[in-house]
Structure formats: structure tokens, C-alpha cells
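Take a look at the structure set out below.
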Amino acid sequence: MIINSPVGRFPFELTSVKRRGRLLVLNGEMGNWPTSVEIGAKDVPAVLMRLRPVIAPVMGAAALAILVAVRARSRR
Amino acid sequence: MKRHDPGVLVIGTGLTGLSAASELAQFGPVTVVERLPAPGGQAGFESPEVRRLFAECAAEGVRFVLGSTALRWSAGQLLVVGPRLTTWLEGSWLVFAGGSRPATPAEIGLLGRRVAGVYSATVAHHLLEAGVTIGRRPVVSGYGDWVDVILPQLRHLSAQITLVGGGSCASAAPLDVRHWPGYRPVQVHGFDRVNRVTVTDGQSTHEIACDAVVLAGDLRPLRNVDGAIRDGAARTSFIQPTRIGMDARAVIDFARTEAARVHSEMEATR
Amino acid sequence: MGCANGRRSSPNGPGRGGRPVSGDFDVVIIGAGVLGCAVALRLAQADLRVCVLEAADDIAEGASKANAGITSSYYAPFGTLEAELVAESNAGWESLCTRLDVPYIRIGALTVALDDQELSGLDELEAEVRRAGTKVERLSGEQAREQEPLLSEACIGALYYPDEGIVDPMRLTWAYAEVAVQNGAQFFFGAPVIGFDSDAESALNQARTPRGGVRGRYFINAAGIGSGAVSELAGGDEIKMWPRKGQYWILDREFGQTLSRIVLPVPGAESRGIELAPTTNGSVLLGPDAEEGGDFDDTETVAANLEEILTKTQRLIPTASLDWAIKSYAGNRPAASEPVRLRMDSRVSNFAHVGNRSTGVTTSPAFAERVAGLLREQGLDTARRSGALDERPPCRKLLLDQHPEQPEADPRYSQVVCVCEQVTAAEIAGALTGAVPARSIDGVRKRTRATGGRCQGSVCMAGVILMCAAHGDVAPAQVLMGSDGGTVGLETP
């Protein structure tokens, strides 16, 4: 994965995906820095909407399944 | 009995730093420090030359400290600060390959109050990459590498671009760009945002209306490690290409040549 | 020209994004420069409700951000109010700055004579300085060069003031404001005073701004260059204000840290003269010159003035060179028919004037105490409350000479954002949160020096913009550059 930000373009290596309460936490390394991405239920619809055109071809089915699962869990 | 050799410290993992490190690794231990979490410098971590050189260095036993910023070089010790590692590294010599940047307003004699809309090309580049509209009628000052990077990004915004600087036949400005060859900016004007810039060719002076000014010319070496600021700093060498228009091959050759020269200098001072 | 405070309002309007201005206070201070904030802190430490109305979007937007940061030990002749205020302020700087976590160095100053005429000027000056009771030594040229080895060979005599110091004036103003807020003071930004309401005896009872008004028992005019306009709106004494522009060069600390003292010429009739002033971050300022007759908000730098500044300072320190130039800037001192004001108005009974043309930073501690005394005479209880706060914890963890042994618990203290000035993400985050937070790139620069170093943001500006965007919950394009309303990017259509 690549993180492209106003401060630069860096490789992002996912090391684990965990659930912490209602948050999905993607742990990884952005180059040599420990980095995590925390996705909450309220983030998911926005993320999905933005990623819709690229989800299918670019993101793995697994990643999509994770996001859908988080949304489903948050509805319970 | 062999004296303990703490080795050479190289700052920067762009093409220059990696090439220099690879060259110097033939002669002893080398540690390369990079403030960003991934190597690559201006070329970026995905550049094939960067990947190749990085692998070469790793194979030669070069040690990498990524994601820690070098701050101070003093008495054979380099302070590096970063989320993974904060420490003093020992080195017998420092090779600074931290890159270059466009000249600042003070360096080019550009007057005018601190007004929004005036950007160093490095900053403009990052902002444009992030989708920020930095101007619709930008004036870009300079010629060469940074201009070549910035113009296509501005064109993508459908901006009305004015280019100030460069000779009339210098890798000529594209037709969609208003070109003022031989002119340089001398003063920015505006209150909440820049709205015009005074330019001169030494003989006549004109004002160009604009909503952004990008300083993209006149490369200067970056110097940001205390104790390694001036040329001639003790046990320090600087390898920083600032000639406009060097391609990757030219940079790598320059860096290797300079690194060899540095090694000779180090040997001579033993 | 423009609105009451003499400053043009930005096209986005003074009320952009701010909360409504309202409330009942004991003391309303107009102006959040170094004097307004110093007074706000002292009064907030009493059992008083204090508020500060500031026209611009941040503290220290006038002369308080465009001065040399010198804390004088001598400035005006014995017997003047200014001399008293300078003397009262001088001894307490170390203690004050330690408590407020503000960089300060009692660095000492040399007034230098380069010819016989200047030497006799030195005699006169020495007599005045001694009369004022300031510590001073007369030195020969050689002795002067021992104090400051870079001094010109042409120096044939000097006065040495060991008690002269340098402070970071923006950090000082911010610290005064932060601790004032921690003591309960309220600050309203983007709140220029556009009028007052008064009662039958013409005592003021409300100050009005475009976003509402605040009621108060006492009103303090600390509006700097806008003091004349504010006094007029209040029906107070006529105070004629005009800008006295001063331009500066900033030279790199690689050169600046080789200087040992503040170096001044023998003063002329009109001005103290153009000096070399080291700063608390190691750089050195050349300037200021003094020019009157311009616009109230003219802070343009002019080539001819800058050249003269270089020439005059090179007479004193020949190795000063623009090879080391980082930036030039200009500021306007609030010159006035009455340059130092610390008194009640003669027409409006609950209206006080606080102002100082040249030595605002230097005299800020004394102003704070004396204004408390002034209001006590009026019947207000200004005694310090027990439990009043007078310090703030150190925010700058990575100092130039620190030897780091343990990693900080907060990883942001290990994340250097501005390499030139060695500013970490934690320090920038501290500037963006807290009691008087930065709300623009320039606000971050004033509090941390990030983007103000030799590369002028080439390396770190993008990172600082990102942090400002994240903390302000806005897109990078909407981040404000400074108090003038300009943003990082344009609105996308």
C-alpha cells in the first residue's frame, strides 16, 4: 500500500488488523515509522463512498470484506 | 592493533546519499541517516535507481537509520531524533547529502511583506499533489528541475501560468505559458494574498498581476544540521548537486566522484 | 483609512468564525500586544473578571511581533516615566521568564564609538546613564573588543551595560496571554472596538465590536497604533498616533551565535540608532531604522533602507554579511504625541491609557504592576488572589543543548517537523491547542519558530500546514497563513 500525503509518498505495510471496541485498527509500518489507521463505524460510509469507483479493481476482496463487516457489526 | 573506526555517517538517502554511501562502503563502516521513514529523497522510494542503490548498500553492509532527523554534529557525535530512535551516533566523518532547495526570497532579493500565496516550489509541489489549488494566475519564477515539475501540475489546474526567468531559448516555455525570459521578481504586493509581483530585467520594470508566486529557481544546498552548516566545517563534507538539469545518471556519477574525493580527504587527515 | 483601530480589516471580515463578543467584566483591555497581555495577566491574578478585545486574529500582531526583543537597562533619561518603568522591570527578567517558559538571556550591550566626535557623545551618554542609576562601565577600544571580539578595529571606546538582555517577544506575549487565560481572563479575537456606550456622566459602560459588546467597569486602552482612534471613540483625551517604521534583517544563527553582545552606535538626536541584536534563538537582527510619515499598516521592506541598515551595522561589526540573510521585515512602532502613557484619562473617569512607543517589551513587567496600582487608586481591589497562577510548564522539550537519554513518553516529542529550528510535532501541537492557540501558520511560527528558519519552510511548511489542518479540522487549502486572512490555497470553484 502507499500513503500519499502532503508531506510525501511512503510505503505502508500492513502487519495486523484488530478490533478495539467499535474501532477497526490497521497496524502497520509507514516505512520505518509505526503507524496505525483507526476506522470507526461513522467513518465507514464516507470511506466506502469515496472508494467506490476503485474498490473493486484496486483493493483486495479481503479488505472490502473487513470494511463491510465493520459496518454490519456497528449496526447490531 | 586496529583503532576503533566508528565509520562514516551519511545524511540523506536520495540518489546522492545512496551513491555516496555505496562508494564509501568499500573502505569501512557506513551509517546512513534519513529523516523520512522511507529512503529516496527527491527521487522517491519507488524510483528504480533508488531501489537498486538501496539494495546495493544493504548488500555492502551499510547500516540505515530511517525516520530519525539529524540535528547536531559535534566532536564526532551526531544527534538523531526520531520516533523509533533518538540517540547520539558516533562517526569519524560526516557526509551531508541532504539535497537542495529553491532559493528563499531573502536569497534572491525578493522584497515585500510576508503575504499569503508565495510558495517555495517544494511546498507548492506537495500542496498541488494533495489537490490544493494554489493559484489560478500563478507566476512561477526560475527555470530547470523544479519548474519542470511544477508546470505540469499547474497546467492540470487549468491555471494561467506566467513564467519569469530563464533565457529565451532555455528548454523553452510551452506555448500555453506566458514567458518573461531574463526577468526576475523583485517585490511581491498584496494584503491578504499576493496580487502582483514586480519584475525586472535590470533595465525595465513591470508589474504582473497574479494570485500566487512559486519560487522554483536558483537551487541552494539545504543546510540544517548544526555543526555542519558552513563549507569547511570540521570533519564534514557536503555532496549536494545544485546544477540545474542533472538527470539521475549525472547525479549518481557526481556523487560517486565526490565520495571518492571525500575518502581521499579523510585518509589525508588521519 | 479604514476602521477605528487604524488597521484595514481583511476582506473576509473581522468576525470570521469567531464566537460572539459578550459578557460582564470588571476590566476590559483593548489590545492584545505585549502591554495588553502583561496587564491582563496581572489583573486576572486579582479577584477580577478580565477580558481583552483584539482587532486582529491573534496576540502580538502589531509592534509586538516586529521588534528586536531587547530588554533595555537604560533607554530614557533619569526623571522620565520611561526611565522609572525600565528600572522597575529590569531585575526581574530571569525569574519572570523561568516562570513563563520564555527564552531570555542577560547578554549585555555595548554602545560603541568609532571616532572622536562619537567619543565625546559617549561622555554625555555615560553621564546620563549613571544619573539614571543603570549599571554601566566605560571601556577602551581594546576592552570593548574583549567583550565583543567581532567589533570593528575602529572602535576607540565604548559603554558596556551588563544588565541589558534579550527575550523572545512573541513567546513572552503568548505566555502572558496563556497564563492570563488560565487565571480566568477571556480573549476575543477579530473584535475591533467600533464604539462605546457610556452613562450620563460619560463613564464608559460597554465596548462594542461588530460581533457584540462587552460591559465593563474599567476600560484600558492598550491598542498600540490604534490608541488614538480608540480614545476618540471613548470621548477621551486626544492622542495623536502615527507609525514609526523600522526595518530589519535577520541573519542566520550560524553567524549570530558568534556574537557576544548587543552592539549599538552612539545614539543620535533622533533615534537610538541601528544596532546588531542577537536573538534568543541564536540569530541576529540588524536594525531597526526609523522612518515616519507612512501608512498605518505599511510593513513593506524597501531596498534602500535595507542597504543603509547593512552599511551602518557593518561599521560596527565588519563581518556582518547578507550571505547569512534569512529574511527582512518591517514593523511600526506606535509613535505618539505622548509616547509613554500610563494614566487615567482626564475626561472619562473609568478609562485608562497604556502605551509605549519604543520600550513596550522592556517595560511590560512594570506596566503590569503599575496598572494594578492605578486601578487600586480608583477603588478596585487588585490584590493577587491566593492560588493565582503565575507560571506555565515548559513546552520546549528538545533544546539545542539537550542530551536525550530516555525517549519521551509522547512520541511526538521525537518527531522533528521543522529541522532548521529544531521544533517537534509535540511543540507545534502545543501551540495549536492550549489556552491561546495558534490559528494560522504565522501563529505557529510566533509560538515555536517553525517555518522561520533559514530554509523559510522549504522543508517543513507542508508538514506544518498538515498539522494546522488536522487541529483546525479544515482542509489544507483553508488553513490561514497569517492574520491578514490569506489562506494556503484558493477555494475550489
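We name chains A, B, ... following the order of the C-alpha cells; residues begin at 1 in each chain, and ligands are numbered from 1 as shown.
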Determine, for each residue of chain B having at least one atom at most 7 Å from an atom of chain C, the closest pair of atoms and their separation in Å to one decimal, counting only C-alpha atoms; order by chain and ascending number, as a Markdown table.
| residue | atom | partner | partner_atom | distance |
| --- | --- | --- | --- | --- |
| B:Thr69 | CA | C:Val416 | CA | 6.6 |
| B:Val81 | CA | C:Ser414 | CA | 5.6 |
| B:Gly82 | CA | C:Ser414 | CA | 4.7 |
| B:Pro83 | CA | C:Ser414 | CA | 5.1 |
| B:Thr86 | CA | C:Pro407 | CA | 6.8 |
| B:Thr87 | CA | C:Pro404 | CA | 6.7 |
| B:Arg101 | CA | C:Ser458 | CA | 6.8 |
| B:Thr104 | CA | C:Gln456 | CA | 6.8 |
| B:Ala106 | CA | C:Lys327 | CA | 5.1 |
| B:Leu111 | CA | C:Thr301 | CA | 6.1 |
| B:Gly112 | CA | C:Glu300 | CA | 5.2 |
| B:Arg113 | CA | C:Glu300 | CA | 5.2 |
| B:Ala116 | CA | C:Gly486 | CA | 5.2 |
| B:Gly117 | CA | C:Val488 | CA | 6.8 |
| B:Ser120 | CA | C:Ser458 | CA | 5.8 |
| B:Thr122 | CA | C:Ser458 | CA | 5.9 |
| B:Val123 | CA | C:Ala462 | CA | 5.8 |
| B:His126 | CA | C:Ala462 | CA | 6.7 |
| B:Val132 | CA | C:Ala477 | CA | 5.6 |
| B:Thr133 | CA | C:Gly489 | CA | 5.4 |
| B:Ile134 | CA | C:Gly489 | CA | 4.6 |
| B:Gly135 | CA | C:Leu490 | CA | 6.4 |
| B:Phe191 | CA | C:Asp484 | CA | 6.8 |
| B:Asp192 | CA | C:Gly486 | CA | 4.5 |
| B:Arg193 | CA | C:Gly486 | CA | 5.2 |
| B:Asn224 | CA | C:Cys420 | CA | 5.1 |
Could you take the residues named above and write them with C-alpha atoms, as a short mmCIF file (atom, residue, chain, number, x, y, z; two decimals), in the first residue's frame?
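Writing the result to selection-v7.cif gives the following:
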data_model
loop_
_atom_site.label_atom_id
_atom_site.label_comp_id
_atom_site.auth_asym_id
_atom_site.auth_seq_id
_atom_site.Cartn_x
_atom_site.Cartn_y
_atom_site.Cartn_z
CA THR B 69 16.26 13.55 11.92
CA VAL B 81 15.91 12.29 16.84
CA GLY B 82 13.00 10.15 15.71
CA PRO B 83 10.05 8.09 16.94
CA THR B 86 16.78 9.04 19.42
CA THR B 87 20.46 8.87 20.16
CA ARG B 101 16.00 23.66 -2.29
CA THR B 104 14.33 31.86 -0.46
CA ALA B 106 15.87 36.84 1.04
CA LEU B 111 11.13 42.14 -1.07
CA GLY B 112 7.61 42.51 0.22
CA ARG B 113 5.78 41.64 3.39
CA ALA B 116 -0.11 34.51 1.57
CA GLY B 117 0.31 32.92 -1.84
CA SER B 120 8.75 27.64 -2.30
CA THR B 122 8.94 22.27 -2.69
CA VAL B 123 5.86 23.38 -0.77
CA HIS B 126 3.35 18.95 -2.10
CA VAL B 132 -4.80 22.16 -3.29
CA THR B 133 -5.43 24.96 -5.80
CA ILE B 134 -2.54 27.28 -5.03
CA GLY B 135 -3.47 29.82 -7.67
CA PHE B 191 -2.64 42.37 1.57
CA ASP B 192 -4.45 39.13 2.38
CA ARG B 193 -2.94 37.41 -0.66
CA ASN B 224 20.10 22.10 8.60
#
Compile the contact shell of Ala209 in chain B as a ChimeraX atom specification: residues with an atom at most 12 Å away, counting only C-alpha atoms, same-chain residues fewer than 4 positions apart removed.
/B:135-139,160-162,188-190,193-199,213
Just-selected residues, C-alpha atoms written as a tab-separated table (two decimals), in the first residue's frame:
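So the final result, stored in part_39.tsv, reads:
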chain	number	residue	atom	x	y	z
B	135	GLY	CA	-3.47	29.82	-7.67
B	136	ARG	CA	-5.35	30.41	-10.88
B	137	ARG	CA	-2.94	33.04	-12.22
B	138	PRO	CA	0.37	31.88	-10.76
B	139	VAL	CA	3.74	33.41	-11.53
B	160	GLN	CA	-2.98	30.83	-16.46
B	161	ILE	CA	0.74	30.48	-15.91
B	162	THR	CA	3.36	33.18	-16.24
B	188	VAL	CA	5.58	40.97	-4.05
B	189	HIS	CA	2.50	43.03	-3.27
B	190	GLY	CA	-0.83	42.29	-1.71
B	193	ARG	CA	-2.94	37.41	-0.66
B	194	VAL	CA	-0.30	38.29	-3.22
B	195	ASN	CA	-1.94	40.20	-6.07
B	196	ARG	CA	1.00	41.37	-8.12
B	197	VAL	CA	4.74	40.95	-8.43
B	198	THR	CA	7.24	43.47	-9.69
B	199	VAL	CA	9.76	42.00	-12.13
B	213	VAL	CA	4.12	33.20	-6.77
As a VMD selection string, please: every residue in range 125-313 of chain C that DSSP puts in helix (DSSP H, G or I).
chain C and resid 125 to 131 141 to 147 169 to 182 224 to 234 253 to 256 303 to 313
Keeping only N, CA and C atoms, take the residues you just selected and write them out as a compact mmCIF listing (two decimals), in the first residue's frame.
# COMPACT_ATOMS: atom_id res chain seq x y z
N LEU C 125 26.56 60.51 27.09
CA LEU C 125 25.67 59.39 27.33
C LEU C 125 26.00 58.73 28.67
N GLU C 126 27.28 58.57 28.94
CA GLU C 126 27.70 57.93 30.18
C GLU C 126 27.15 58.70 31.39
N ALA C 127 27.23 60.02 31.31
CA ALA C 127 26.73 60.84 32.43
C ALA C 127 25.23 60.60 32.64
N GLU C 128 24.50 60.57 31.52
CA GLU C 128 23.05 60.34 31.62
C GLU C 128 22.74 58.96 32.20
N VAL C 129 23.47 57.96 31.72
CA VAL C 129 23.20 56.60 32.16
C VAL C 129 23.51 56.47 33.65
N ARG C 130 24.59 57.04 34.09
CA ARG C 130 24.94 56.96 35.52
C ARG C 130 23.90 57.66 36.37
N ARG C 131 23.44 58.80 35.85
CA ARG C 131 22.42 59.57 36.59
C ARG C 131 21.15 58.74 36.75
N GLY C 141 38.79 50.93 23.57
CA GLY C 141 38.54 50.13 22.37
C GLY C 141 38.96 48.69 22.57
N GLU C 142 40.12 48.50 23.18
CA GLU C 142 40.62 47.12 23.39
C GLU C 142 39.72 46.34 24.33
N GLN C 143 39.32 47.00 25.40
CA GLN C 143 38.45 46.32 26.36
C GLN C 143 37.11 45.97 25.71
N ALA C 144 36.65 46.87 24.85
CA ALA C 144 35.38 46.61 24.16
C ALA C 144 35.52 45.38 23.28
N ARG C 145 36.67 45.26 22.63
CA ARG C 145 36.88 44.09 21.77
C ARG C 145 37.03 42.81 22.57
N GLU C 146 37.44 42.94 23.83
CA GLU C 146 37.45 41.74 24.69
C GLU C 146 36.02 41.27 24.96
N GLN C 147 35.14 42.25 25.14
CA GLN C 147 33.73 41.91 25.37
C GLN C 147 33.10 41.34 24.10
N PRO C 169 10.09 38.13 22.14
CA PRO C 169 8.92 38.97 22.44
C PRO C 169 7.59 38.31 22.11
N MET C 170 7.59 37.42 21.12
CA MET C 170 6.33 36.78 20.75
C MET C 170 5.99 35.68 21.76
N ARG C 171 7.00 34.92 22.16
CA ARG C 171 6.77 33.91 23.20
C ARG C 171 6.35 34.58 24.49
N LEU C 172 6.94 35.77 24.79
CA LEU C 172 6.60 36.50 26.01
C LEU C 172 5.14 36.91 25.98
N THR C 173 4.70 37.50 24.87
CA THR C 173 3.31 37.95 24.76
C THR C 173 2.37 36.76 24.87
N TRP C 174 2.71 35.67 24.20
CA TRP C 174 1.89 34.47 24.25
C TRP C 174 1.82 33.93 25.68
N ALA C 175 2.94 33.93 26.37
CA ALA C 175 2.97 33.41 27.74
C ALA C 175 2.11 34.28 28.65
N TYR C 176 2.24 35.60 28.55
CA TYR C 176 1.38 36.49 29.34
C TYR C 176 -0.09 36.14 29.08
N ALA C 177 -0.44 35.98 27.79
CA ALA C 177 -1.83 35.73 27.43
C ALA C 177 -2.30 34.37 27.94
N GLU C 178 -1.48 33.35 27.77
CA GLU C 178 -1.89 32.00 28.19
C GLU C 178 -2.14 31.95 29.69
N VAL C 179 -1.21 32.48 30.47
CA VAL C 179 -1.37 32.41 31.92
C VAL C 179 -2.54 33.31 32.36
N ALA C 180 -2.76 34.40 31.62
CA ALA C 180 -3.93 35.24 31.91
C ALA C 180 -5.21 34.42 31.74
N VAL C 181 -5.29 33.67 30.64
CA VAL C 181 -6.48 32.86 30.40
C VAL C 181 -6.60 31.77 31.46
N GLN C 182 -5.48 31.19 31.85
CA GLN C 182 -5.53 30.17 32.89
C GLN C 182 -5.99 30.75 34.23
N GLY C 224 -2.05 50.09 21.05
CA GLY C 224 -0.88 50.35 20.21
C GLY C 224 -1.13 51.50 19.26
N ILE C 225 -0.88 51.24 18.00
CA ILE C 225 -1.02 52.28 16.98
C ILE C 225 -2.47 52.75 16.87
N GLY C 226 -3.41 51.94 17.34
CA GLY C 226 -4.81 52.32 17.26
C GLY C 226 -5.30 53.08 18.48
N SER C 227 -4.39 53.42 19.39
CA SER C 227 -4.81 54.05 20.64
C SER C 227 -5.53 55.37 20.43
N GLY C 228 -5.10 56.14 19.44
CA GLY C 228 -5.72 57.44 19.19
C GLY C 228 -7.17 57.28 18.78
N ALA C 229 -7.40 56.34 17.87
CA ALA C 229 -8.76 56.11 17.39
C ALA C 229 -9.66 55.60 18.52
N VAL C 230 -9.13 54.71 19.34
CA VAL C 230 -9.92 54.16 20.45
C VAL C 230 -10.28 55.26 21.44
N SER C 231 -9.31 56.12 21.73
CA SER C 231 -9.58 57.21 22.67
C SER C 231 -10.66 58.14 22.12
N GLU C 232 -10.59 58.37 20.84
CA GLU C 232 -11.59 59.25 20.23
C GLU C 232 -12.99 58.65 20.36
N LEU C 233 -13.10 57.35 20.08
CA LEU C 233 -14.40 56.68 20.20
C LEU C 233 -14.93 56.75 21.63
N ALA C 234 -14.00 56.76 22.60
CA ALA C 234 -14.42 56.76 24.00
C ALA C 234 -14.72 58.17 24.50
N ARG C 253 21.69 32.04 12.48
CA ARG C 253 22.35 31.84 13.77
C ARG C 253 23.76 31.28 13.62
N GLU C 254 24.08 30.73 12.49
CA GLU C 254 25.46 30.29 12.27
C GLU C 254 26.42 31.47 12.41
N PHE C 255 25.95 32.67 12.03
CA PHE C 255 26.73 33.88 12.25
C PHE C 255 26.34 34.50 13.59
N GLY C 256 25.05 34.55 13.86
CA GLY C 256 24.55 35.22 15.06
C GLY C 256 25.13 34.68 16.35
N ALA C 303 14.41 48.34 -0.44
CA ALA C 303 15.81 48.02 -0.70
C ALA C 303 16.77 49.07 -0.16
N ALA C 304 16.46 50.34 -0.39
CA ALA C 304 17.38 51.40 0.03
C ALA C 304 17.56 51.40 1.54
N ASN C 305 16.47 51.24 2.27
CA ASN C 305 16.56 51.22 3.74
C ASN C 305 17.38 50.02 4.21
N LEU C 306 17.12 48.86 3.59
CA LEU C 306 17.83 47.66 4.00
C LEU C 306 19.32 47.78 3.74
N GLU C 307 19.66 48.44 2.62
CA GLU C 307 21.08 48.64 2.32
C GLU C 307 21.73 49.52 3.36
N GLU C 308 21.02 50.58 3.75
CA GLU C 308 21.58 51.50 4.75
C GLU C 308 21.79 50.79 6.07
N ILE C 309 20.84 49.92 6.40
CA ILE C 309 20.95 49.17 7.66
C ILE C 309 22.20 48.30 7.63
N LEU C 310 22.45 47.63 6.51
CA LEU C 310 23.63 46.79 6.41
C LEU C 310 24.89 47.62 6.52
N THR C 311 24.95 48.74 5.80
CA THR C 311 26.13 49.58 5.83
C THR C 311 26.43 50.07 7.24
N LYS C 312 25.41 50.55 7.92
CA LYS C 312 25.64 51.11 9.26
C LYS C 312 26.05 50.03 10.25
N THR C 313 25.50 48.83 10.12
CA THR C 313 25.88 47.79 11.08
C THR C 313 27.25 47.21 10.76
Check every residue of chain B for an atom within 6 Å of chain A, counting only C-alpha atoms, and provide those that qualify as a PyMOL selection string.
chain B and resi 37-38+66-67+126-127+130
Contacts of Asp226 in chain B within 9 Å, only C-alpha atoms, excl. fewer than 3 positions in-chain, as a PyMOL selection string
(chain B and resi 70-74+223+229) or (chain C and resi 254+400+420)
So that I can check the surroundings of Gly293 in chain C, please list as a PyMOL selection string every protein, DNA and RNA residue that reaches within 8 Å of it, counting only C-alpha atoms and ignoring chain neighbours fewer than 4 positions away.
chain C and resi 242-244
If we count only C-alpha atoms and set the cut-off at 12 Å, which residues sit around Gly236 in chain C, ignoring sequence neighbours fewer than 4 positions away in its own chain? Please answer as a ChimeraX atom specification.
/C:196,198,202-204,219-221,227-232,240,344-353
File of the preceding selection, N, CA and C atoms, as a CSV table (one decimal), in the first residue's frame:
chain,number,residue,atom,x,y,z
C,196,PHE,N,-18.3,52.9,21.9
C,196,PHE,CA,-18.5,52.7,23.3
C,196,PHE,C,-19.9,53.2,23.7
C,198,SER,N,-21.8,54.9,27.0
C,198,SER,CA,-21.5,55.5,28.3
C,198,SER,C,-22.7,55.9,29.1
C,202,SER,N,-20.7,60.3,31.4
C,202,SER,CA,-19.8,59.9,30.3
C,202,SER,C,-18.7,58.9,30.7
C,203,ALA,N,-19.0,58.2,31.8
C,203,ALA,CA,-18.2,57.0,32.1
C,203,ALA,C,-18.6,55.9,31.2
C,204,LEU,N,-17.6,55.1,30.7
C,204,LEU,CA,-17.9,54.1,29.7
C,204,LEU,C,-18.6,52.9,30.5
C,219,PHE,N,-12.0,50.4,31.6
C,219,PHE,CA,-11.6,50.1,30.2
C,219,PHE,C,-10.1,50.6,30.0
C,220,ILE,N,-9.3,49.7,29.5
C,220,ILE,CA,-7.9,50.1,29.3
C,220,ILE,C,-7.5,50.1,27.9
C,221,ASN,N,-7.0,51.3,27.4
C,221,ASN,CA,-6.7,51.5,26.0
C,221,ASN,C,-5.2,51.0,25.8
C,227,SER,N,-4.4,53.4,19.4
C,227,SER,CA,-4.8,54.1,20.6
C,227,SER,C,-5.5,55.4,20.4
C,228,GLY,N,-5.1,56.1,19.4
C,228,GLY,CA,-5.7,57.4,19.2
C,228,GLY,C,-7.2,57.3,18.8
C,229,ALA,N,-7.4,56.3,17.9
C,229,ALA,CA,-8.8,56.1,17.4
C,229,ALA,C,-9.7,55.6,18.5
C,230,VAL,N,-9.1,54.7,19.3
C,230,VAL,CA,-9.9,54.2,20.5
C,230,VAL,C,-10.3,55.3,21.4
C,231,SER,N,-9.3,56.1,21.7
C,231,SER,CA,-9.6,57.2,22.7
C,231,SER,C,-10.7,58.1,22.1
C,232,GLU,N,-10.6,58.4,20.8
C,232,GLU,CA,-11.6,59.2,20.2
C,232,GLU,C,-13.0,58.7,20.4
C,240,LYS,N,-2.6,61.7,19.6
C,240,LYS,CA,-2.2,61.6,18.2
C,240,LYS,C,-1.2,60.5,18.0
C,344,MET,N,-4.8,57.5,34.0
C,344,MET,CA,-6.3,57.6,33.7
C,344,MET,C,-6.5,58.7,32.7
C,345,ASP,N,-7.5,58.6,31.9
C,345,ASP,CA,-7.9,59.6,31.0
C,345,ASP,C,-8.4,60.8,31.8
C,346,SER,N,-8.2,62.0,31.2
C,346,SER,CA,-8.6,63.2,32.0
C,346,SER,C,-10.1,63.6,31.9
C,347,ARG,N,-10.8,63.0,30.9
C,347,ARG,CA,-12.2,63.3,30.6
C,347,ARG,C,-13.1,62.2,31.0
C,348,VAL,N,-12.7,61.0,30.8
C,348,VAL,CA,-13.6,59.8,31.0
C,348,VAL,C,-13.0,59.1,32.3
C,349,SER,N,-13.9,59.0,33.3
C,349,SER,CA,-13.4,58.6,34.6
C,349,SER,C,-12.9,57.2,34.7
C,350,ASN,N,-13.5,56.3,33.9
C,350,ASN,CA,-13.1,54.9,34.1
C,350,ASN,C,-12.3,54.4,32.9
C,351,PHE,N,-11.5,55.2,32.3
C,351,PHE,CA,-10.8,54.9,31.1
C,351,PHE,C,-9.3,55.2,31.3
C,352,ALA,N,-8.5,54.2,31.0
C,352,ALA,CA,-7.0,54.3,31.3
C,352,ALA,C,-6.3,54.2,30.0
C,353,HIS,N,-5.1,54.8,29.9
C,353,HIS,CA,-4.2,54.7,28.7
C,353,HIS,C,-2.9,53.9,29.1
For Thr448 in chain C, list every protein, DNA or RNA residue within 9 Å, evaluated using only C-alpha atoms, and leave out those in the same chain fewer than 6 positions away; present the list as a list in words.
Arg171, Arg396, Glu421, Val423, Glu427, Ile428 and Ala431 of chain C
Could you list, as an MDAnalysis selection string, every residue within 10 Å of Leu432 in chain C, counting only C-alpha atoms and ignoring same-chain residues fewer than 5 positions away?
chainID C and resid 426:427 437:441 443:444 447 467:468 470:472
Now that the selection is made, can you save its residues with N, CA and C atoms as a PDB file, in the first residue's frame?
ATOM      1  N   ALA C 426       5.300  17.742  18.920  1.00  0.00           N
ATOM      2  CA  ALA C 426       4.669  17.999  20.209  1.00  0.00           C
ATOM      3  C   ALA C 426       4.589  19.484  20.492  1.00  0.00           C
ATOM      4  N   GLU C 427       5.664  20.197  20.172  1.00  0.00           N
ATOM      5  CA  GLU C 427       5.656  21.630  20.423  1.00  0.00           C
ATOM      6  C   GLU C 427       4.646  22.342  19.529  1.00  0.00           C
ATOM      7  N   PRO C 437      -4.486  29.451  21.479  1.00  0.00           N
ATOM      8  CA  PRO C 437      -3.843  28.643  20.450  1.00  0.00           C
ATOM      9  C   PRO C 437      -3.549  29.430  19.179  1.00  0.00           C
ATOM     10  N   ALA C 438      -2.592  28.932  18.425  1.00  0.00           N
ATOM     11  CA  ALA C 438      -2.309  29.468  17.102  1.00  0.00           C
ATOM     12  C   ALA C 438      -3.434  29.046  16.176  1.00  0.00           C
ATOM     13  N   ARG C 439      -3.855  29.963  15.307  1.00  0.00           N
ATOM     14  CA  ARG C 439      -4.875  29.585  14.342  1.00  0.00           C
ATOM     15  C   ARG C 439      -4.430  29.883  12.921  1.00  0.00           C
ATOM     16  N   SER C 440      -3.125  29.987  12.743  1.00  0.00           N
ATOM     17  CA  SER C 440      -2.587  30.223  11.412  1.00  0.00           C
ATOM     18  C   SER C 440      -1.147  29.748  11.417  1.00  0.00           C
ATOM     19  N   ILE C 441      -0.578  29.658  10.211  1.00  0.00           N
ATOM     20  CA  ILE C 441       0.834  29.269  10.101  1.00  0.00           C
ATOM     21  C   ILE C 441       1.703  30.291  10.843  1.00  0.00           C
ATOM     22  N   GLY C 443       0.850  32.104  13.306  1.00  0.00           N
ATOM     23  CA  GLY C 443       0.654  31.920  14.742  1.00  0.00           C
ATOM     24  C   GLY C 443       1.541  30.805  15.279  1.00  0.00           C
ATOM     25  N   VAL C 444       1.684  29.736  14.485  1.00  0.00           N
ATOM     26  CA  VAL C 444       2.586  28.651  14.879  1.00  0.00           C
ATOM     27  C   VAL C 444       4.025  29.157  14.902  1.00  0.00           C
ATOM     28  N   ARG C 447       4.891  31.193  17.979  1.00  0.00           N
ATOM     29  CA  ARG C 447       4.974  30.445  19.229  1.00  0.00           C
ATOM     30  C   ARG C 447       6.097  29.430  19.261  1.00  0.00           C
ATOM     31  N   MET C 467      -0.532  19.795   9.983  1.00  0.00           N
ATOM     32  CA  MET C 467      -0.883  19.811  11.408  1.00  0.00           C
ATOM     33  C   MET C 467      -1.946  20.858  11.701  1.00  0.00           C
ATOM     34  N   CYS C 468      -1.813  22.031  11.086  1.00  0.00           N
ATOM     35  CA  CYS C 468      -2.818  23.083  11.289  1.00  0.00           C
ATOM     36  C   CYS C 468      -4.174  22.619  10.767  1.00  0.00           C
ATOM     37  N   ALA C 470      -5.254  19.518  10.473  1.00  0.00           N
ATOM     38  CA  ALA C 470      -5.793  18.469  11.339  1.00  0.00           C
ATOM     39  C   ALA C 470      -6.367  19.072  12.622  1.00  0.00           C
ATOM     40  N   HIS C 471      -5.629  19.982  13.248  1.00  0.00           N
ATOM     41  CA  HIS C 471      -6.093  20.568  14.512  1.00  0.00           C
ATOM     42  C   HIS C 471      -7.277  21.498  14.316  1.00  0.00           C
ATOM     43  N   GLY C 472      -7.301  22.194  13.187  1.00  0.00           N
ATOM     44  CA  GLY C 472      -8.389  23.127  12.958  1.00  0.00           C
ATOM     45  C   GLY C 472      -9.577  22.470  12.273  1.00  0.00           C
TER      46      GLY C 472
END
